Each structure stands twice: as structure tokens, then as C-alpha cells.
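Written below as C-alpha cells is the structure these notes are about.
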Number of protein chains: 2
Amino acid sequence: MSKKIDTGVFLTENHPRIISFSSVVGSKEGQGPLGGCFDEVIEDSHFGEDTWEKAESKFQLEAVCNAIKKGNFVKEDFDAVFSGDLINQCTGSTFGLRNLEIPFFGIFGACSTMAEGLLLSAIAVESGAVKRAVAVTSSHFSTAERQFRFPLSYGGQRTPTSQWTCTASGAVTVSGTDRSGIEIAGGCIGKITDLGITDANNMGSAMAPAAAETIMRYLNATGTTPGDYDYIITGDLGLVGSQLLIDFVMKQGIDISRVHKDCGSMMFDPDKQDTHCGGSGCGCSASILCGYFLPRLAAGKIKNILFAATGALMSPLICQQGESIPSISHLVHIRKGS
Amino acid sequence: MSKKIDTGVFLTENHPRIISFSSVVGSKEGQGPLGGCFDEVIEDSHFGEDTWEKAESKFQLEAVCNAIKKGNFVKEDFDAVFSGDLINQCTGSTFGLRNLEIPFFGIFGACSTMAEGLLLSAIAVESGAVKRAVAVTSSHFSTAERQFRFPLSYGGQRTPTSQWTCTASGAVTVSGTDRSGIEIAGGCIGKITDLGITDANNMGSAMAPAAAETIMRYLNATGTTPGDYDYIITGDLGLVGSQLLIDFVMKQGIDISRVHKDCGSMMFDPDKQDTHCGGSGCGCSASILCGYFLPRLAAGKIKNILFAATGALMSPLICQQGESIPSISHLVHIRKGS
């Protein structure tokens with residue numbers, strides 16, 4: 001059972017455990033500052049497939065299968081997989097996992113998907129309806145660019161505030177019965193926030209208010225302060241969005257600057273890799289959670305983190321109709337197991 | 001708490017209650033055989049908005065607000081809304097509900113979305129993390145046609161197996177603390193099924209195997225037979241898909257023909273309304289659940305139903321790349337409260 005402590009905020013009581021995790025990234029991500037952290041770096045952006053969409057599906061399947069294997073599980077051990085991605089109709093997920101035969105919950109949270117999947121995995125395991133679940137997501141630079149911005153062959157110039165969609169996937173197994181050193185202590189379900197940003201090349205600014213609202217709601221409900229956490233991690237605000245988040249939260253009297261880490265700002269070296277404001281995409285925070293933060297929690301190097309992945313719920317069609325970009329941020333509280 | 005009884009199958013123990021529900025449909029649905037059942041029939045397909053996408057968002061918001069009002073709730077009473085739809089990036093949901101301020105879980109199950117949302121609402125309430133949740137979805141003939149098939153102004157001829165995407169929305173409130181006469185007794189999380197159908201105008205055939213797998217898994221796990229239920233309801237298999245489902249299940253020795261109802265086959269009069277194989281779209285089964293079946297449960301006319309909404313996880317882009325249409329069916333067991 002879990003306990004609701006405020007609107008959309010809960011603490012777990014049985015403390016669902018994170019048993020295993022896996023990260024699979026593309027070539028550019030492998031060349032970045034965190035390149036050595038990931039389980040696999042796939043040099044071929046097509047991953048042996050004939051289209052980028054099929055490649056993204058394969059990244060996601062690879063991450064799930066790795067995570068299952070690393071936990072010494074077989075797929076029959078799972079009652080549910082929570083999965084989603086950025087491609088229209090979540091095809092990275094549905095086509096990627098269609099032969100897996102694990103009961104499937106499709107989710108849509110744009111780049112907040114990893115946190116949404118982890119929240120729902122924890123809730124499902126706490127309810128008793130599900131013994132074990134997998135949360136997984138993916139993104140691919142080439143599938144996202146052509147869907148949300150320009151055809152790659154057009155060779156459009158990227159704006160200073162733009163971010164680079166990561167080719168990456170991350171998968172996490174969550175269990176109510178197995179033991180491990182990492183537990184999910186609580187969570188905060190994001191609210192849709194929209195301050196009127198209309199620039200599809202400035203996603204960080206659209207998402208920062210959502211991250212601020214979610215983080216503040218969790219801190220207030222739990223009566224904790226930034227000093228209680230090793231890190232407060234956002235998904236992919238990038239360099240511009242991260243500064244906005246720190247400013248937003250500071251205006252409410254809270255300084256998160258010393259513990260804040262943003263996966264979008266961590267993935268690439270902006271000087272050497274020409275990525276402007278940083279990385280983005282569902283796979284960005286998913287792969288860094290699985291490649292960088294969870295291994296450090298497992299090793300006891302850090303003990304307590306808030307993982308607040310952020311998603312811009314953008315639709316090219318609706319933006320063409322003059323609408324702004326709503327955003328969301330879901331938060332998962334992960335700590336060393338008791 | 002709930003109890004897992006087989007892979008992806010669970011029974012609830014606290015029996016989450018369905019407190020209120022609402023259905024809002026378009027003009028053609030209002031003229032069909034069930035026209036008198038729905039809370040609202042909106043004659044204007046634009047619902048006063050300047051685009052069909054914005055109209056669909058308004059249908060969804062209207063259904064949620066009606067359901068909240070009918071339950072004598074205010075929006076602050078809810079910890080989560082589970083919502084999704086067919087438009088790319090689920091914009092019917094994200095843009096429709098962005099000002100609602102209820103914590104938001106985006107889900108993607110195509111036309112199975114209502115059952116997916118109800119399953120997750122029940123699980124969330126059973127976990128204790130969430131006190132009350134809303135499950136909602138929508139579809140719109142004009143947004144779906146131009147996205148998945150042809151521009152309406154092209155005037156393409158519809159094939160005999162095609163179905164008519166309903167302009168409709170349905171919303172259901174689920175609570176762990178309030179009392180009512182309807183409870184969620186259990187559920188079955190769908191598995192993705194793909195038998196190789198590639199015709200985007202023959203969705204019923206693509207979805208029938210998924211419905212058969214889900215219904216059989218629930219009957220087997222619970223040791224029940226079709227005779228134990230007033231109805232076994234599928235989402236929108238239509239006339240062709242419904243016959244396929246009955247045949248598939250019959251091959252396993254189970255005859256559901258006497259209790260089977262298909263929302264797609266119920267929505268329109270195929271002779272008078274030129275709808276070929278019937279209705280489809282997330283809003284089809286959602287509005288019929290909320291307009292036809294739940295009121296009958298509340299009034300005690302029926303006592304026990306299985307609601308197995310069905311979704312074709314089709315993507316135009318991936319179909320153009322030569323892939324077939326994976327499908328899914330989620331099942332919710334709903335009965336008169338004890």
C-alpha cells in the first residue's frame with residue numbers, strides 16, 4: 001500500500017524495489033562525457049534496420065531484454081510493461097515490444113515518460129495487482145527531427161536554444177517481492193503546465209515551469225528541503241531551461257542550485273559536440289538514470305535522489321494551429337533501500 | 001490491495017467504486033439507435049472551435065467536467081486523470097485538459113484507451129497512492145480520418161470493411177473511499193497481438209485476436225464462463241471483427257455469442273447511416289459504456305459485465321514502411337456493488 005499525502009503526491013509503504021536497469025545509446029551519446037556509463041553503444045544509427053523508426057524500436061527492445069537479463073528474470077516474470085515514446089502512436093514502443101508478450105500499458109508523457117513509467121510501476125506493484133513491472137522508453141535523433149522539426153536532408157540551421165534529441169533507451173525493472181538495494185520511496189504526479197511558449201526550438205523554457213511546480217509540490221508535501229537529497233535531477237531542460245528552473249524555485253525561497261543536475265545538460269559536451277543547449281528526448285533522462293544515477297545508488301555512492309523527468313507535450317499540428325506547448329514533469333523519489 | 005491471479009490478471013480486494021460517468025457525442029452518433037442514451041449530443045462538429053482538433057479537446061473536457069459534476073465533486077477531489085486519444089501526441093487529451101489542474105497521466109491504447117484508463121484508475125486507487133481518479137478518452141471522425149486515412153475533402157470511397165470513427169467522449173470517476181452501486185472487481189492487462197493484418201480499413205480483423213486472447217485469459221484465470229456475465233462487451237470490432245472474435249473463442253471451446261455485445265456494432269444503423277462495418281474510435285466504447293451500460297448497472301437492470309475495449313495500434317508511417325497493425329485489448333470486470 002501507499003499513502004497519499006497531498007494532491008498527486010504519495011509515499012510508498014512496502015517500498016517497491018528497483019531490481020535491474022539497462023541503458024543503450026547511439027554513437028554521439030557514446031562519444032559524450034558519460035559515454036563510458038552505458039551498457040551498450042550502438043554505432044550504427046539504423047541498428048541494422050532499414051528505417052530509423054524500426055531502429056528506435058530495436059533500441060527499446062534491447063534495453064528491456066538487457067534489464068530482464070541483468071535481473072536474472074525471464075519475460076514471464078512480468079505482469080506489465082509501461083512504455084511510451086515520442087513517435088506518433090508510440091510506435092517505438094508498440095512495434096518494438098509487440099513480440100515480447102508481457103502485458104502492455106502504453107503511456108504518453110513525451111520526455112517525462114521514464115518518470116511516468118516508474119511512478120505507474122511503483123503504484124501497480126504497491127496495489128498488488130502486478131508483481132513485477134518494467135518501465136522503458138526511447139528516443140532517436142532522426143525519428144524525432146523529421147517528425148517534429150525538419151526533414152534531416154533539408155539541412156536546416158539549428159537555433160541557439162535548440163536541443164539535440166538523444167538516440168537512447170533506458171529500462172528499469174520494479175518488483176514488490178524481490179529484494180535489492182534501491183527502493184522507490186514516493187512520487188509526485190505531474191500537472192500540465194502551459195505558460196505560452198510557442199517555439200518548438202525552445203523546449204527547455206516550456207518545461208521549466210512544470211518541473212518547478214512538481215518539485216515544489218513534493219518538497220512541500222514531504223516537508224523536505226534540497227539539502228535532504230544528493231541530487232534533484234531534471235530530465236532534459238538543457239542549459240537555458242535549467243537556469244529558468246533554478247530561478248523559478250528561488251523565487252519561492254528554495255535554492256536547489258547546489259543539488260540540481262539536468263540530464264539534458266549532462267549528455268553532451270556543447271563545445272565539442274555542437275549540441276547547443278544540450279540533449280533531449282525520452283531516452284536522454286532514461287539512459288542517464290540507468291547508466292549514471294542508478295549504478296551510483298546501487299554502489300552506495302549516493303543515497304537519495306529526486307528524479308523529475310520533464311516532457312513537452314508538443315504537437316506539430318496543434319502548434320501550426322497557433323497553440324502553445326503544454327508541458328509536464330513527473331517525479332520519482334528513489335533512495336538506498338532500508 | 002488487489003491480488004494477482006495470473007500474468008496480467010488481478011482481482012481487487014477493496015473494490016474501487018465507479019461514482020459517476022458522462023458521455024458527450026456528435027450529431028451522427030446522436031441520430032443512431034443509442035442516441036437517447038447520451039448526456040449530450042453536440043450538433044456542431046466544430047463544437048464552436050475553429051479546428052476539429054480543438055473541438056475534440058473540448059468534447060473531452062466537457063465529458064470530464066460533467067462526470068465530476070454528476071458525482072458532486074470538484075476537480076480538487078482528484079489525484080489523477082488517466083487520458084489518451086488517437087491524435088498524434090494525444091493532443092485531444094493534453095490540450096483539452098491542460099487547464100484542469102488535475103495531475104495527469106497520459107496513456108496510449110488507441111481505441112482500448114477507456115479500458116486502459118479504468119484499469120489504471122482501479123490499480124491506482126487500490127494502491128492507496130490516489131484517492132480518486134478520472135478515466136477519459138475521446139475520438140473525432142474528422143481528426144481521425146485526415147490523420148489515418150485521407151483528407152476528407154479528397155472524398156475517397158470507403159471500403160466494405162471500413163468503420164466510422166465516432167465523434168464522442170466518455171469519462172468515469174473511480175474512488176477508493178466513496179460508496180456507490182458499481183464496483184470494479186478485477187481486470188486483465190492486454191498483450192500486444194499481431195497476426196499480420198496490413199489494411200487500415202479492416203481494423204476489426206486486426207483487433208479480434210487481441211480481444212480473444214484477453215477475454216480467454218480472464219475467463220481461465222477466474223474460472224468463470226460466459227454464462228456468469230450479463231454481457232461480454234468489446235470496443236469496436238465492428239461487424240466483421242465481432243464474427244471473427246466469436247469464431248476464435250469458439251475454437252477454444254467457449255461460446256460467447258449469446259452474451260457478446262460490440263460497441264462498434266451498436267453505435268450506428270448500418271443500413272440507414274451508411275457506416276459499413278460500424279463505429280470505431282476511442283470515444284465509441286467510452287461513450288457507450290458511460291451512456292448505455294453503466295446506467296443499466298446503476299439501475300440494477302444488469303449486474304455483471306466484462307468490458308474489453310480493443311485498440312489497433314496503427315501508425316500510418318510504419319504501415320507505409322510495410323509493417324502490419326499490432327492490436328491490444330484491455331479488460332475491466334465491472335459489477336453491481338456488494
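Lettering and numbering for the C-alpha cells are positional, with chains as A, B, ... in the shown order, residues counted from 1 in each chain, and ligands counted from 1 in the shown order.
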- Message: Counting only C-alpha atoms, a student should be able to say which residues of chain A come within 8 Å of chain B; what is the right answer, written as a PyMOL selection string?
- Response: chain A and resi 1-4+7-12+51+53+76+78-80+84+86+88-91+94-95+97-99+101-110+116+123-124+126-131+189-194+313-315+318+321+326
- Query: Can you list, as number ranges by chain, every residue of stretch 115-304 of chain A that DSSP puts in alpha helix (DSSP H)?
  - Reply: A: 115-127, 141-148, 203-222, 238-250, 263-267, 270-273, 282-288, 294-298
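Between atom CA of B:Gly155 and atom CA of B:Ala206 lies a distance of 24.9 Å.
Omitting stretch 219-233 of chain A and its sequence neighbours fewer than 2 positions away, and counting only C-alpha atoms, the residues within 8 Å are Ile5, Asp6, Val9, Ile215, Met216, Arg217, Gly235, Ile254, Asp255, Ile256, Val259, His260, Lys261, Asp262, Cys263, Ile302, Lys303, Asn304, Ile305, Leu306, Phe307, Ala308 and Ala309 of chain A.
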Could you list, as a PDB file with N, CA, C and O atoms, in the first residue's frame, every residue within 6 Å of A:Gly281, counting only C-alpha atoms and ignoring same-chain residues fewer than 4 positions away?
```
ATOM      1  N   CYS A 111       9.000  13.543 -23.036  1.00  0.00           N
ATOM      2  CA  CYS A 111      10.283  13.219 -22.407  1.00  0.00           C
ATOM      3  C   CYS A 111      10.165  12.942 -20.908  1.00  0.00           C
ATOM      4  O   CYS A 111      11.164  12.656 -20.253  1.00  0.00           O
ATOM      5  N   SER A 139      14.177   7.291 -27.457  1.00  0.00           N
ATOM      6  CA  SER A 139      14.052   8.347 -28.465  1.00  0.00           C
ATOM      7  C   SER A 139      15.163   8.144 -29.485  1.00  0.00           C
ATOM      8  O   SER A 139      16.115   7.403 -29.246  1.00  0.00           O
ATOM      9  N   THR A 165      17.986  15.787 -29.804  1.00  0.00           N
ATOM     10  CA  THR A 165      17.258  14.595 -29.351  1.00  0.00           C
ATOM     11  C   THR A 165      18.203  13.399 -29.297  1.00  0.00           C
ATOM     12  O   THR A 165      18.855  13.069 -30.296  1.00  0.00           O
ATOM     13  N   CYS A 166      18.297  12.775 -28.144  1.00  0.00           N
ATOM     14  CA  CYS A 166      19.228  11.664 -27.957  1.00  0.00           C
ATOM     15  C   CYS A 166      18.714  10.390 -28.610  1.00  0.00           C
ATOM     16  O   CYS A 166      17.517  10.111 -28.589  1.00  0.00           O
TER      17      CYS A 166
END
```
Report as a PDB file with C-alpha atoms, in the first residue's frame: the residues of stretch 144-252 of chain A with a DSSP assignment of strand (DSSP E), based on the backbone of this structure.
```pdb
ATOM      1  CA  TRP A 164      19.687  17.532 -29.583  1.00  0.00           C
ATOM      2  CA  THR A 165      17.258  14.595 -29.351  1.00  0.00           C
ATOM      3  CA  ALA A 168      18.935   6.252 -26.480  1.00  0.00           C
ATOM      4  CA  SER A 169      16.791   3.927 -24.431  1.00  0.00           C
ATOM      5  CA  GLY A 170      16.611   3.020 -20.755  1.00  0.00           C
ATOM      6  CA  ALA A 171      14.676   0.257 -18.977  1.00  0.00           C
ATOM      7  CA  VAL A 172      14.107  -0.413 -15.260  1.00  0.00           C
ATOM      8  CA  THR A 173      12.548  -3.446 -13.557  1.00  0.00           C
ATOM      9  CA  VAL A 174      10.446  -2.804 -10.440  1.00  0.00           C
ATOM     10  CA  SER A 175       9.330  -5.513  -8.025  1.00  0.00           C
ATOM     11  CA  ILE A 182      17.324   0.558  -4.297  1.00  0.00           C
ATOM     12  CA  GLU A 183      13.742   1.466  -3.441  1.00  0.00           C
ATOM     13  CA  ILE A 184      11.072   3.859  -4.695  1.00  0.00           C
ATOM     14  CA  ALA A 185      10.068   5.916  -1.665  1.00  0.00           C
ATOM     15  CA  GLY A 186       7.385   8.118  -3.194  1.00  0.00           C
ATOM     16  CA  GLY A 187       6.296  10.153  -6.142  1.00  0.00           C
ATOM     17  CA  CYS A 188       4.523  13.184  -7.470  1.00  0.00           C
ATOM     18  CA  TYR A 231      20.605  15.232  -6.322  1.00  0.00           C
ATOM     19  CA  ILE A 232      17.398  16.739  -7.664  1.00  0.00           C
ATOM     20  CA  ILE A 233      17.517  15.591 -11.266  1.00  0.00           C
ATOM     21  CA  THR A 234      15.510  17.015 -14.150  1.00  0.00           C
TER      22      THR A 234
END
```
- Item | Atom pair atom CA of B:Ile334 / atom CA of B:Glu56: separation (Å) | 27.3 Å
